[in-house]
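Undergrad: File final_0.cif follows (mmCIF, C-alpha atoms and all ligand atoms):
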```
data_entry
#
loop_
_atom_site.label_atom_id
_atom_site.label_comp_id
_atom_site.auth_asym_id
_atom_site.auth_seq_id
_atom_site.Cartn_x
_atom_site.Cartn_y
_atom_site.Cartn_z
CA MET A 1428 66.77 66.42 73.47
CA LYS A 1429 67.63 67.38 77.04
CA ILE A 1430 70.89 68.42 78.64
CA ILE A 1431 71.70 68.33 82.33
CA THR A 1432 74.00 71.17 83.30
CA PHE A 1433 76.08 72.16 86.35
CA ASP A 1434 77.80 75.30 87.53
CA VAL A 1435 80.34 74.51 90.24
CA GLY A 1436 81.50 77.34 92.47
CA GLY A 1437 83.42 77.51 95.74
CA THR A 1438 80.28 77.95 97.86
CA ALA A 1439 77.40 76.55 95.79
CA ILE A 1440 76.74 74.12 92.96
CA LYS A 1441 73.91 75.10 90.64
CA PHE A 1442 72.35 72.51 88.43
CA GLY A 1443 69.45 72.24 86.04
CA MET A 1444 68.12 70.85 82.80
CA VAL A 1445 67.50 72.53 79.43
CA ASP A 1446 65.41 71.42 76.45
CA GLU A 1447 66.34 71.58 72.76
CA ASN A 1448 65.65 75.35 72.71
CA PHE A 1449 67.93 75.84 75.72
CA GLU A 1450 64.92 76.78 77.84
CA MET A 1451 65.57 75.94 81.48
CA ILE A 1452 63.18 73.17 82.54
CA PHE A 1453 64.27 73.49 86.15
CA SER A 1454 67.24 74.70 88.14
CA GLU A 1455 68.27 74.46 91.75
CA GLU A 1456 71.35 74.80 93.90
CA PHE A 1457 72.97 73.19 96.91
CA PRO A 1458 76.08 73.97 99.00
CA THR A 1459 79.38 72.82 97.50
CA ASN A 1460 80.29 71.14 100.79
CA GLU A 1461 77.00 69.20 101.12
CA PHE A 1462 78.95 65.94 100.90
CA GLU A 1463 82.11 67.12 102.65
CA ASP A 1464 82.64 63.75 104.32
CA THR A 1465 83.33 62.15 100.91
CA ASP A 1466 86.73 61.98 99.22
CA ASN A 1467 85.87 64.27 96.28
CA MET A 1468 82.70 66.07 97.34
CA VAL A 1469 82.03 67.83 94.03
CA MET A 1470 82.39 64.66 91.93
CA TYR A 1471 80.25 62.78 94.44
CA ALA A 1472 77.52 65.43 94.37
CA MET A 1473 77.43 65.54 90.55
CA GLU A 1474 77.38 61.76 90.25
CA SER A 1475 74.43 61.54 92.68
CA LYS A 1476 72.43 64.06 90.64
CA LEU A 1477 73.33 62.33 87.37
CA ARG A 1478 72.16 58.98 88.77
CA GLU A 1479 68.95 60.55 90.03
CA TYR A 1480 68.05 61.80 86.52
CA GLU A 1481 69.70 58.97 84.55
CA GLY A 1482 67.92 58.23 81.26
CA GLN A 1483 66.34 61.69 81.10
CA TYR A 1484 69.22 63.55 79.41
CA ASP A 1485 71.30 63.21 76.25
CA ALA A 1486 74.39 65.14 77.30
CA ILE A 1487 76.06 66.71 80.34
CA GLY A 1488 77.47 70.24 80.53
CA ILE A 1489 79.74 71.34 83.37
CA SER A 1490 80.80 74.90 84.09
CA THR A 1491 83.31 74.95 86.91
CA ALA A 1492 85.63 77.14 88.96
CA GLY A 1493 89.31 76.61 88.22
CA GLN A 1494 91.39 76.21 85.09
CA VAL A 1495 89.98 73.51 82.86
CA ASP A 1496 91.80 71.38 80.28
CA PHE A 1497 89.06 71.87 77.73
CA GLU A 1498 90.42 69.28 75.27
CA ASN A 1499 90.25 66.51 77.87
CA GLY A 1500 87.46 67.75 80.13
CA MET A 1501 89.66 67.73 83.24
CA ILE A 1502 90.32 70.22 86.01
CA HIS A 1503 93.79 71.52 85.28
CA ASP A 1504 94.41 73.62 88.38
CA GLY A 1505 93.20 76.50 90.49
CA VAL A 1506 90.60 74.94 92.80
CA GLY A 1507 92.80 74.41 95.86
CA ASN A 1508 89.92 75.69 98.01
CA ILE A 1509 87.84 72.58 97.16
CA PRO A 1510 89.56 69.47 98.63
CA ASN A 1511 90.78 66.87 96.09
CA TYR A 1512 89.01 68.54 93.17
CA ASN A 1513 92.18 69.65 91.33
CA HIS A 1514 92.95 67.27 88.42
CA SER A 1515 89.51 65.61 88.56
CA ASP A 1516 88.75 63.79 85.29
CA LEU A 1517 85.15 64.96 84.90
CA ARG A 1518 84.62 64.00 81.27
CA GLY A 1519 86.45 60.65 81.44
CA THR A 1520 84.63 59.59 84.59
CA PHE A 1521 81.10 60.63 83.66
CA GLU A 1522 81.23 59.57 79.99
CA LYS A 1523 82.29 56.10 81.17
CA ILE A 1524 79.57 55.79 83.79
CA PHE A 1525 76.66 57.41 81.92
CA ASN A 1526 77.58 56.85 78.26
CA VAL A 1527 76.56 60.35 77.12
CA PRO A 1528 78.84 63.18 75.94
CA VAL A 1529 80.24 65.49 78.61
CA ALA A 1530 81.58 69.01 78.00
CA VAL A 1531 83.55 70.89 80.66
CA ASP A 1532 84.86 74.44 80.70
CA ASN A 1533 85.87 77.16 83.10
CA ASP A 1534 82.97 79.15 84.60
CA VAL A 1535 83.81 82.52 83.06
CA ASN A 1536 84.25 80.91 79.63
CA CYS A 1537 80.87 79.20 80.04
CA ALA A 1538 79.26 82.47 81.13
CA ALA A 1539 80.71 84.21 78.06
CA ILE A 1540 79.46 81.41 75.79
CA GLY A 1541 76.03 81.75 77.38
CA GLU A 1542 76.03 85.51 76.80
CA ALA A 1543 77.31 84.98 73.23
CA HIS A 1544 74.41 82.73 72.26
CA PHE A 1545 71.57 83.79 74.52
CA GLY A 1546 72.43 87.09 76.22
CA ALA A 1547 74.21 90.45 75.98
CA ALA A 1548 76.62 89.38 73.22
CA ARG A 1549 74.12 87.69 70.88
CA GLY A 1550 75.37 88.09 67.33
CA ALA A 1551 78.82 89.33 68.36
CA LYS A 1552 81.76 87.38 66.91
CA ASP A 1553 84.32 89.08 69.12
CA PHE A 1554 84.01 90.45 72.63
CA LEU A 1555 85.61 90.43 76.06
CA CYS A 1556 83.78 89.32 79.17
CA LEU A 1557 84.76 90.22 82.72
CA THR A 1558 83.03 89.23 85.95
CA TYR A 1559 83.45 91.22 89.17
CA GLY A 1560 82.81 89.33 92.40
CA THR A 1561 85.15 87.92 95.04
CA GLY A 1562 87.82 88.21 92.35
CA VAL A 1563 87.78 89.27 88.69
CA GLY A 1564 87.38 86.64 85.97
CA GLY A 1565 87.83 87.13 82.25
CA CYS A 1566 87.18 85.57 78.88
CA ILE A 1567 88.48 86.41 75.40
CA TYR A 1568 85.93 85.53 72.72
CA ILE A 1569 87.30 85.67 69.18
CA ASN A 1570 85.79 84.58 65.86
CA GLY A 1571 82.85 82.92 67.54
CA ASP A 1572 84.88 80.89 70.03
CA VAL A 1573 86.72 81.19 73.32
CA TYR A 1574 90.44 81.87 73.03
CA ARG A 1575 91.80 79.53 75.71
CA GLY A 1576 95.57 80.00 75.41
CA SER A 1577 98.35 77.38 75.25
CA LYS A 1578 97.51 75.91 78.67
CA PHE A 1579 93.83 76.84 78.96
CA ALA A 1580 94.54 79.84 81.18
CA ALA A 1581 94.09 82.84 78.86
CA GLY A 1582 91.96 85.80 79.88
CA GLU A 1583 92.90 85.89 83.57
CA PHE A 1584 92.44 89.65 83.59
CA GLY A 1585 92.13 89.69 87.38
CA HIS A 1586 95.87 89.08 87.69
CA MET A 1587 97.11 91.71 85.26
CA ALA A 1588 99.37 93.99 87.26
CA THR A 1589 97.88 97.47 87.40
CA HIS A 1590 99.89 98.76 90.38
CA LYS A 1591 103.64 98.45 90.81
CA ASP A 1592 104.44 97.53 94.44
CA GLY A 1593 100.71 97.35 95.08
CA ARG A 1594 98.45 95.40 97.39
CA PRO A 1595 98.89 91.67 97.93
CA CYS A 1596 96.56 89.46 95.89
CA THR A 1597 95.10 86.04 96.69
CA CYS A 1598 97.37 84.61 93.95
CA GLY A 1599 100.46 85.43 96.04
CA ARG A 1600 101.69 88.30 93.87
CA ILE A 1601 101.16 92.02 94.34
CA GLY A 1602 99.46 94.82 92.45
CA CYS A 1603 96.90 92.65 90.62
CA TYR A 1604 93.86 94.24 88.98
CA GLU A 1605 91.44 92.23 91.13
CA ALA A 1606 93.07 93.39 94.37
CA TYR A 1607 91.67 96.84 93.44
CA SER A 1608 88.65 96.22 91.24
CA ALA A 1609 86.86 93.14 92.65
CA CYS A 1610 83.44 93.86 94.11
CA ARG A 1611 84.62 92.38 97.41
CA VAL A 1612 87.36 95.02 97.65
CA PHE A 1613 84.83 97.83 97.22
CA THR A 1614 82.28 96.48 99.73
CA LYS A 1615 85.05 95.89 102.27
CA ALA A 1616 86.44 99.41 101.86
CA VAL A 1617 82.99 100.95 102.35
CA SER A 1618 82.15 98.60 105.25
CA ASP A 1619 85.42 99.42 107.04
CA ARG A 1620 84.87 103.17 106.79
CA MET A 1621 81.16 103.02 107.65
CA GLY A 1622 81.85 100.79 110.65
CA LYS A 1623 79.29 98.13 109.59
CA LYS A 1624 79.23 95.28 107.13
CA MET A 1625 77.47 96.33 103.92
CA SER A 1626 76.68 94.36 100.78
CA GLY A 1627 76.90 95.86 97.30
CA ARG A 1628 73.11 96.02 97.11
CA GLU A 1629 72.90 97.94 100.40
CA ILE A 1630 75.60 100.40 99.38
CA PHE A 1631 73.66 101.24 96.22
CA LYS A 1632 70.46 102.07 98.14
CA GLU A 1633 69.40 105.64 97.45
CA GLU A 1634 69.97 106.88 101.01
CA ASN A 1635 73.59 105.67 100.95
CA LEU A 1636 74.46 107.12 97.55
CA LYS A 1637 74.55 110.64 99.06
CA ASN A 1638 77.01 109.60 101.74
CA PRO A 1639 80.45 111.20 101.08
CA ILE A 1640 82.27 107.99 102.09
CA VAL A 1641 80.26 105.96 99.57
CA ILE A 1642 80.75 108.59 96.87
CA GLU A 1643 84.52 108.69 97.44
CA GLU A 1644 84.99 104.91 97.59
CA MET A 1645 82.78 104.36 94.56
CA ASP A 1646 84.74 106.90 92.56
CA LYS A 1647 88.05 105.23 93.47
CA TRP A 1648 86.67 101.79 92.65
CA GLU A 1649 85.30 102.88 89.29
CA ASP A 1650 88.70 104.39 88.44
CA GLU A 1651 90.32 100.99 89.11
CA ILE A 1652 87.75 99.13 87.00
CA ALA A 1653 88.19 101.64 84.16
CA LEU A 1654 92.01 101.40 84.29
CA GLY A 1655 91.95 97.68 83.51
CA LEU A 1656 89.30 98.09 80.83
CA ARG A 1657 91.34 100.83 79.19
CA ASN A 1658 94.35 98.48 78.98
CA LEU A 1659 92.19 95.77 77.45
CA CYS A 1660 90.76 98.19 74.89
CA TYR A 1661 94.26 99.08 73.72
CA ILE A 1662 95.22 95.39 73.44
CA PHE A 1663 92.09 94.02 71.78
CA ASN A 1664 90.38 97.07 70.23
CA PRO A 1665 87.07 95.34 71.03
CA SER A 1666 83.64 96.44 69.84
CA LEU A 1667 81.96 94.97 72.92
CA ILE A 1668 82.85 94.32 76.56
CA VAL A 1669 80.31 92.46 78.71
CA LEU A 1670 80.52 93.02 82.46
CA GLY A 1671 79.11 90.34 84.77
CA GLY A 1672 78.68 89.96 88.51
CA GLY A 1673 75.53 91.00 90.38
CA ILE A 1674 76.87 94.50 91.12
CA MET A 1675 77.00 95.41 87.42
CA SER A 1676 73.21 95.51 87.26
CA GLU A 1677 73.53 98.89 89.07
CA ILE A 1678 72.86 101.24 86.18
CA LEU A 1679 74.59 104.16 87.94
CA LEU A 1680 77.80 102.15 88.18
CA LEU A 1681 77.67 101.03 84.56
CA GLY A 1682 77.16 104.63 83.41
CA HIS A 1683 80.17 105.86 85.38
CA ILE A 1684 82.37 103.06 84.05
CA ARG A 1685 81.37 103.75 80.45
CA HIS A 1686 82.22 107.43 80.90
CA LYS A 1687 85.54 106.82 82.65
CA VAL A 1688 86.72 104.32 80.04
CA ASN A 1689 85.61 106.48 77.14
CA MET A 1690 87.51 109.51 78.50
CA GLN A 1691 90.77 107.53 78.33
CA LEU A 1692 90.48 106.21 74.80
CA GLU A 1693 91.66 107.56 71.48
CA PRO A 1694 89.11 107.88 68.66
CA ASN A 1695 89.72 104.45 67.11
CA TYR A 1696 88.79 102.77 70.39
CA LYS A 1697 85.84 104.88 71.51
CA HIS A 1698 83.18 102.86 69.69
CA VAL A 1699 83.49 100.06 72.26
CA LYS A 1700 80.15 99.21 73.83
CA ILE A 1701 80.22 98.32 77.51
CA GLU A 1702 77.16 96.29 78.47
CA LYS A 1703 76.03 94.38 81.52
CA ALA A 1704 75.61 90.62 81.29
CA GLN A 1705 71.97 89.58 80.83
CA LEU A 1706 71.75 85.98 81.98
CA GLY A 1707 72.59 86.46 85.67
CA ASN A 1708 73.46 83.28 87.54
CA LYS A 1709 72.16 81.06 84.70
CA ALA A 1710 74.90 82.14 82.24
CA GLY A 1711 77.37 79.42 83.24
CA MET A 1712 74.79 76.64 83.07
CA LEU A 1713 73.54 77.80 79.66
CA GLY A 1714 77.06 78.09 78.25
CA ALA A 1715 77.96 74.61 79.51
CA ALA A 1716 74.74 73.24 77.99
CA TRP A 1717 75.63 74.83 74.66
CA LEU A 1718 79.09 73.18 74.73
CA ALA A 1719 77.48 69.83 75.63
CA ASN A 1720 75.16 70.13 72.64
CA GLU A 1721 78.14 70.83 70.37
CA ARG A 1722 79.80 67.65 71.64
CA LEU A 1723 76.55 65.73 71.23
CA LYS A 1724 76.54 66.58 67.49
CA THR A 1725 79.72 64.53 66.91
CA TRP A 1726 79.10 61.86 69.53
CA ASN A 1727 79.36 58.26 68.34
CA LYS A 1728 78.10 55.60 70.62
ZN ZN B 1 96.72 88.11 91.53
#
```
Would you mind writing the file's structure down as structure tokens?
Ligand SMILES: [Zn+2]
TA:
Amino acid sequence: MKIITFDVGGTAIKFGMVDENFEMIFSEEFPTNEFEDTDNMVMYAMESKLREYEGQYDAIGISTAGQVDFENGMIHDGVGNIPNYNHSDLRGTFEKIFNVPVAVDNDVNCAAIGEAHFGAARGAKDFLCLTYGTGVGGCIYINGDVYRGSKFAAGEFGHMATHKDGRPCTCGRIGCYEAYSACRVFTKAVSDRMGKKMSGREIFKEENLKNPIVIEEMDKWEDEIALGLRNLCYIFNPSLIVLGGGIMSEILLLGHIRHKVNMQLEPNYKHVKIEKAQLGNKAGMLGAAWLANERLKTWNK
């Protein structure tokens, strides 16, 4: 049994193949706009890859940016930055062409499913997953499954309001959690004050960690991250929160966040474990592959 799996983002599409043990046989990536002269460049790119490997896989898993109608395997909304991709019927189209089951879900949900079966949340029935990057994504995992909400848009923690009359957000509203806690916001704040463009990895280099600007901005940023996590702890009373996004592999940052959240919680909430995601940029592909395998189990030709 083999599954071909994709992870579609705004700048890159990752794709690969897993075997029956969900071991990655290969994986690679290419720019999302590689076929920008086509009508629907993401669908075109995926179809080309699927034709290239046709006959070598039993199911197709797709993790994608945007809100996904999980029941129907369609893009529901939220990918306005990729031309003509909104409302794409991924499952309907590819099941018809390739005659194998196709599973599609939102990228943060897929990452959480990956972590639930193969990573930081192995064995956990309930947990929350948040990813910090350009924005902040979220997933609510309850009783061994993703809670998707009435219109497949639950867990958008990035757009919780944490500041009244706050900063504008990319969603058009103000005061959103991600306008304060996204990794991008932190690296921009440090870069602006340091007078040079710095990535998260550069900021966390030892020589920069003694810089008062870095210390101050990091402290402010951690406070914002912790504020949102505190709210979520009081809503869900979780035993585990998994934090994803490359920046969360910084152990110093994770330690500070754990401390700041813990300080704000009452005793019945303090047991919450805050862990970094373990699967890195393969989480989405593995989660999508797992969903594809579930669909394969009930697939009737
Ligand atoms: Zn927002």
Undergrad: Determine, counting only C-alpha atoms, which protein, DNA and RNA residues have an atom within 12 Å of an atom of range 1476-1485 of chain A; residues of the same chain fewer than 6 positions away are not included. Present the result as a ChimeraX atom specification.
TA: /A:1428-1433,1440-1447,1452,1455-1457,1469-1470,1520-1522,1524-1530,1716,1719-1724,1726,1728
Undergrad: Quick one: everything within 9 Å of Ala1539 in chain A, counting all atoms listed in the file, minus sequence neighbours fewer than 3 positions away in the same chain. Send it as a list in words.
TA: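 The residues satisfying every condition are Asp1534, Val1535, Asn1536, Glu1542, Ala1543, His1544, Gly1546, Ala1548, Phe1554, Leu1555, Cys1556, Leu1557, Gly1565, Cys1566, Ile1567, Tyr1568, Val1573, Val1669, Ala1704, Ala1710, Gly1711 and Gly1714 of chain A.
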Undergrad: Write out, as an mmCIF file, in the coordinates of the input, the residues just selected, with C-alpha atoms.
TA:
```cif
data_model
loop_
_atom_site.group_PDB
_atom_site.id
_atom_site.type_symbol
_atom_site.label_atom_id
_atom_site.label_comp_id
_atom_site.auth_asym_id
_atom_site.auth_seq_id
_atom_site.Cartn_x
_atom_site.Cartn_y
_atom_site.Cartn_z
ATOM 1 C CA ASP A 1534 82.970 79.150 84.600
ATOM 2 C CA VAL A 1535 83.810 82.520 83.060
ATOM 3 C CA ASN A 1536 84.250 80.910 79.630
ATOM 4 C CA GLU A 1542 76.030 85.510 76.800
ATOM 5 C CA ALA A 1543 77.310 84.980 73.230
ATOM 6 C CA HIS A 1544 74.410 82.730 72.260
ATOM 7 C CA GLY A 1546 72.430 87.090 76.220
ATOM 8 C CA ALA A 1548 76.620 89.380 73.220
ATOM 9 C CA PHE A 1554 84.010 90.450 72.630
ATOM 10 C CA LEU A 1555 85.610 90.430 76.060
ATOM 11 C CA CYS A 1556 83.780 89.320 79.170
ATOM 12 C CA LEU A 1557 84.760 90.220 82.720
ATOM 13 C CA GLY A 1565 87.830 87.130 82.250
ATOM 14 C CA CYS A 1566 87.180 85.570 78.880
ATOM 15 C CA ILE A 1567 88.480 86.410 75.400
ATOM 16 C CA TYR A 1568 85.930 85.530 72.720
ATOM 17 C CA VAL A 1573 86.720 81.190 73.320
ATOM 18 C CA VAL A 1669 80.310 92.460 78.710
ATOM 19 C CA ALA A 1704 75.610 90.620 81.290
ATOM 20 C CA ALA A 1710 74.900 82.140 82.240
ATOM 21 C CA GLY A 1711 77.370 79.420 83.240
ATOM 22 C CA GLY A 1714 77.060 78.090 78.250
#
```
Undergrad: To one decimal place, how far is CA of Asn1467 in chain A from CA of Glu1498 in chain A in Å?
TA: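 Separation between CA of Asn1467 in chain A and CA of Glu1498 in chain A: 22.1 Å.
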Undergrad: Which residues are near ligand ZN 1 (chain B) - at most 12 Å, using all atoms listed in the file? Format: as a short mmCIF file (atom, residue, chain, number, x, y, z; two decimals) with C-alpha atoms, keeping the file's coordinate frame.
TA:
```cif
data_model
loop_
_atom_site.label_atom_id
_atom_site.label_comp_id
_atom_site.auth_asym_id
_atom_site.auth_seq_id
_atom_site.Cartn_x
_atom_site.Cartn_y
_atom_site.Cartn_z
CA GLY A 1562 87.82 88.21 92.35
CA VAL A 1563 87.78 89.27 88.69
CA GLY A 1564 87.38 86.64 85.97
CA GLU A 1583 92.90 85.89 83.57
CA PHE A 1584 92.44 89.65 83.59
CA GLY A 1585 92.13 89.69 87.38
CA HIS A 1586 95.87 89.08 87.69
CA MET A 1587 97.11 91.71 85.26
CA ALA A 1588 99.37 93.99 87.26
CA THR A 1589 97.88 97.47 87.40
CA HIS A 1590 99.89 98.76 90.38
CA GLY A 1593 100.71 97.35 95.08
CA ARG A 1594 98.45 95.40 97.39
CA PRO A 1595 98.89 91.67 97.93
CA CYS A 1596 96.56 89.46 95.89
CA THR A 1597 95.10 86.04 96.69
CA CYS A 1598 97.37 84.61 93.95
CA GLY A 1599 100.46 85.43 96.04
CA ARG A 1600 101.69 88.30 93.87
CA ILE A 1601 101.16 92.02 94.34
CA GLY A 1602 99.46 94.82 92.45
CA CYS A 1603 96.90 92.65 90.62
CA TYR A 1604 93.86 94.24 88.98
CA GLU A 1605 91.44 92.23 91.13
CA ALA A 1606 93.07 93.39 94.37
CA TYR A 1607 91.67 96.84 93.44
CA SER A 1608 88.65 96.22 91.24
CA ALA A 1609 86.86 93.14 92.65
#
```
Undergrad: One decimal, in Å: what's the spacing between CA of Phe1545 in chain A and CA of Val1699 in chain A?
TA: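 Atom-to-atom, CA of Phe1545 in chain A and CA of Val1699 in chain A are spaced 20.3 Å apart.
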Undergrad: Determine, counting only C-alpha atoms, which protein, DNA and RNA residues have an atom within 8 Å of an atom of range 1674-1679 of chain A; residues of the same chain fewer than 6 positions away are not included. Present the result as a ChimeraX atom specification.
TA: /A:1559-1560,1610,1627-1628,1631,1703-1704
Undergrad: Taking C-alpha atoms for each residue, export the selection above as a compact mmCIF listing (two decimals), in the coordinates of the input.
TA:
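Listing of part-v7.txt after writing:
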```
# COMPACT_ATOMS: atom_id res chain seq x y z
CA TYR A 1559 83.45 91.22 89.17
CA GLY A 1560 82.81 89.33 92.40
CA CYS A 1610 83.44 93.86 94.11
CA GLY A 1627 76.90 95.86 97.30
CA ARG A 1628 73.11 96.02 97.11
CA PHE A 1631 73.66 101.24 96.22
CA LYS A 1703 76.03 94.38 81.52
CA ALA A 1704 75.61 90.62 81.29
```
Undergrad: Pick out the residues sitting within 9 Å of Cys1660 in chain A, and hand them over as a list in words; count only C-alpha atoms, and ignore anything fewer than 6 positions along from it in its own chain.
TA: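 Near neighbours after the sequence-gap exclusion: Ser1666, Ile1668, Val1688, Leu1692, Tyr1696, Lys1697 and Val1699 of chain A.
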Undergrad: Mind giving me the straight-line distance from CA of Ile1509 in chain A to CA of Gly1437 in chain A in Å, one decimal?
TA: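 Taking CA of Ile1509 in chain A as the start and CA of Gly1437 in chain A as the end point, the length is 6.8 Å.
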Undergrad: Taking all atoms listed in the file into account, name the residue in A:Lys1523, A:Arg1575, A:Arg1549, A:Arg1611 that is nearest to Glu1702 in chain A.
TA: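 Of A:Lys1523, A:Arg1575, A:Arg1549, A:Arg1611, the one nearest Glu1702 in chain A, counting all atoms listed in the file, is A:Arg1549.
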Undergrad: Given the choices A:Ile1642, A:Val1531, A:Val1617, A:Ile1701, which gets closest to Pro1665 in chain A if the distance is worked out from only C-alpha atoms?
TA: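 With only C-alpha atoms as the atom set, the closest residue is A:Ile1701.
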Undergrad: Taking the block just given, write range 1516-1582 of chain A to a file that holds C-alpha atoms, as a tab-separated table (two decimals), in the first residue's frame.
TA:
```
chain	number	residue	atom	x	y	z
A	1516	ASP	CA	-13.37	20.36	-6.05
A	1517	LEU	CA	-10.21	18.42	-5.23
A	1518	ARG	CA	-11.79	15.12	-4.22
A	1519	GLY	CA	-14.45	15.06	-6.97
A	1520	THR	CA	-11.95	15.90	-9.69
A	1521	PHE	CA	-9.13	13.56	-8.69
A	1522	GLU	CA	-11.30	10.58	-7.68
A	1523	LYS	CA	-12.93	10.76	-11.12
A	1524	ILE	CA	-9.66	10.97	-13.02
A	1525	PHE	CA	-7.55	8.53	-10.99
A	1526	ASN	CA	-10.16	6.20	-9.47
A	1527	VAL	CA	-8.54	6.07	-6.02
A	1528	PRO	CA	-9.85	7.60	-2.76
A	1529	VAL	CA	-8.89	11.20	-2.04
A	1530	ALA	CA	-8.93	12.84	1.41
A	1531	VAL	CA	-8.61	16.61	1.83
A	1532	ASP	CA	-8.30	18.72	4.95
A	1533	ASN	CA	-7.00	22.06	6.13
A	1534	ASP	CA	-3.24	22.20	6.73
A	1535	VAL	CA	-3.34	22.82	10.48
A	1536	ASN	CA	-5.86	19.99	10.94
A	1537	CYS	CA	-3.59	17.70	8.92
A	1538	ALA	CA	-0.56	18.76	10.96
A	1539	ALA	CA	-2.47	18.03	14.19
A	1540	ILE	CA	-3.55	14.61	12.86
A	1541	GLY	CA	0.07	13.90	11.96
A	1542	GLU	CA	1.23	14.88	15.45
A	1543	ALA	CA	-1.63	12.84	16.98
A	1544	HIS	CA	-0.57	9.61	15.27
A	1545	PHE	CA	3.15	10.00	14.70
A	1546	GLY	CA	4.47	12.95	16.72
A	1547	ALA	CA	4.19	15.06	19.87
A	1548	ALA	CA	0.59	14.06	20.66
A	1549	ARG	CA	0.91	10.29	20.17
A	1550	GLY	CA	-1.57	8.59	22.48
A	1551	ALA	CA	-3.42	11.80	23.36
A	1552	LYS	CA	-7.18	11.73	22.76
A	1553	ASP	CA	-7.60	15.45	23.32
A	1554	PHE	CA	-5.25	18.32	22.64
A	1555	LEU	CA	-4.99	21.73	21.02
A	1556	CYS	CA	-2.52	22.51	18.27
A	1557	LEU	CA	-1.36	25.99	17.29
A	1558	THR	CA	1.13	26.96	14.60
A	1559	TYR	CA	3.00	30.27	14.65
A	1560	GLY	CA	4.28	31.54	11.31
A	1561	THR	CA	3.05	34.28	9.00
A	1562	GLY	CA	-0.21	33.99	10.92
A	1563	VAL	CA	-1.45	31.71	13.70
A	1564	GLY	CA	-3.35	28.53	12.84
A	1565	GLY	CA	-5.22	26.27	15.23
A	1566	CYS	CA	-6.81	22.88	15.59
A	1567	ILE	CA	-9.12	21.43	18.24
A	1568	TYR	CA	-8.61	17.67	18.62
A	1569	ILE	CA	-11.28	15.96	20.72
A	1570	ASN	CA	-11.97	12.27	21.35
A	1571	GLY	CA	-9.46	11.16	18.77
A	1572	ASP	CA	-10.73	13.39	15.96
A	1573	VAL	CA	-10.61	16.96	14.71
A	1574	TYR	CA	-13.49	19.16	15.82
A	1575	ARG	CA	-14.26	21.02	12.59
A	1576	GLY	CA	-17.26	23.17	13.54
A	1577	SER	CA	-20.56	23.69	11.69
A	1578	LYS	CA	-18.88	25.14	8.58
A	1579	PHE	CA	-15.43	23.56	8.83
A	1580	ALA	CA	-13.87	26.70	10.30
A	1581	ALA	CA	-13.43	25.87	14.01
A	1582	GLY	CA	-10.13	26.47	15.76
```
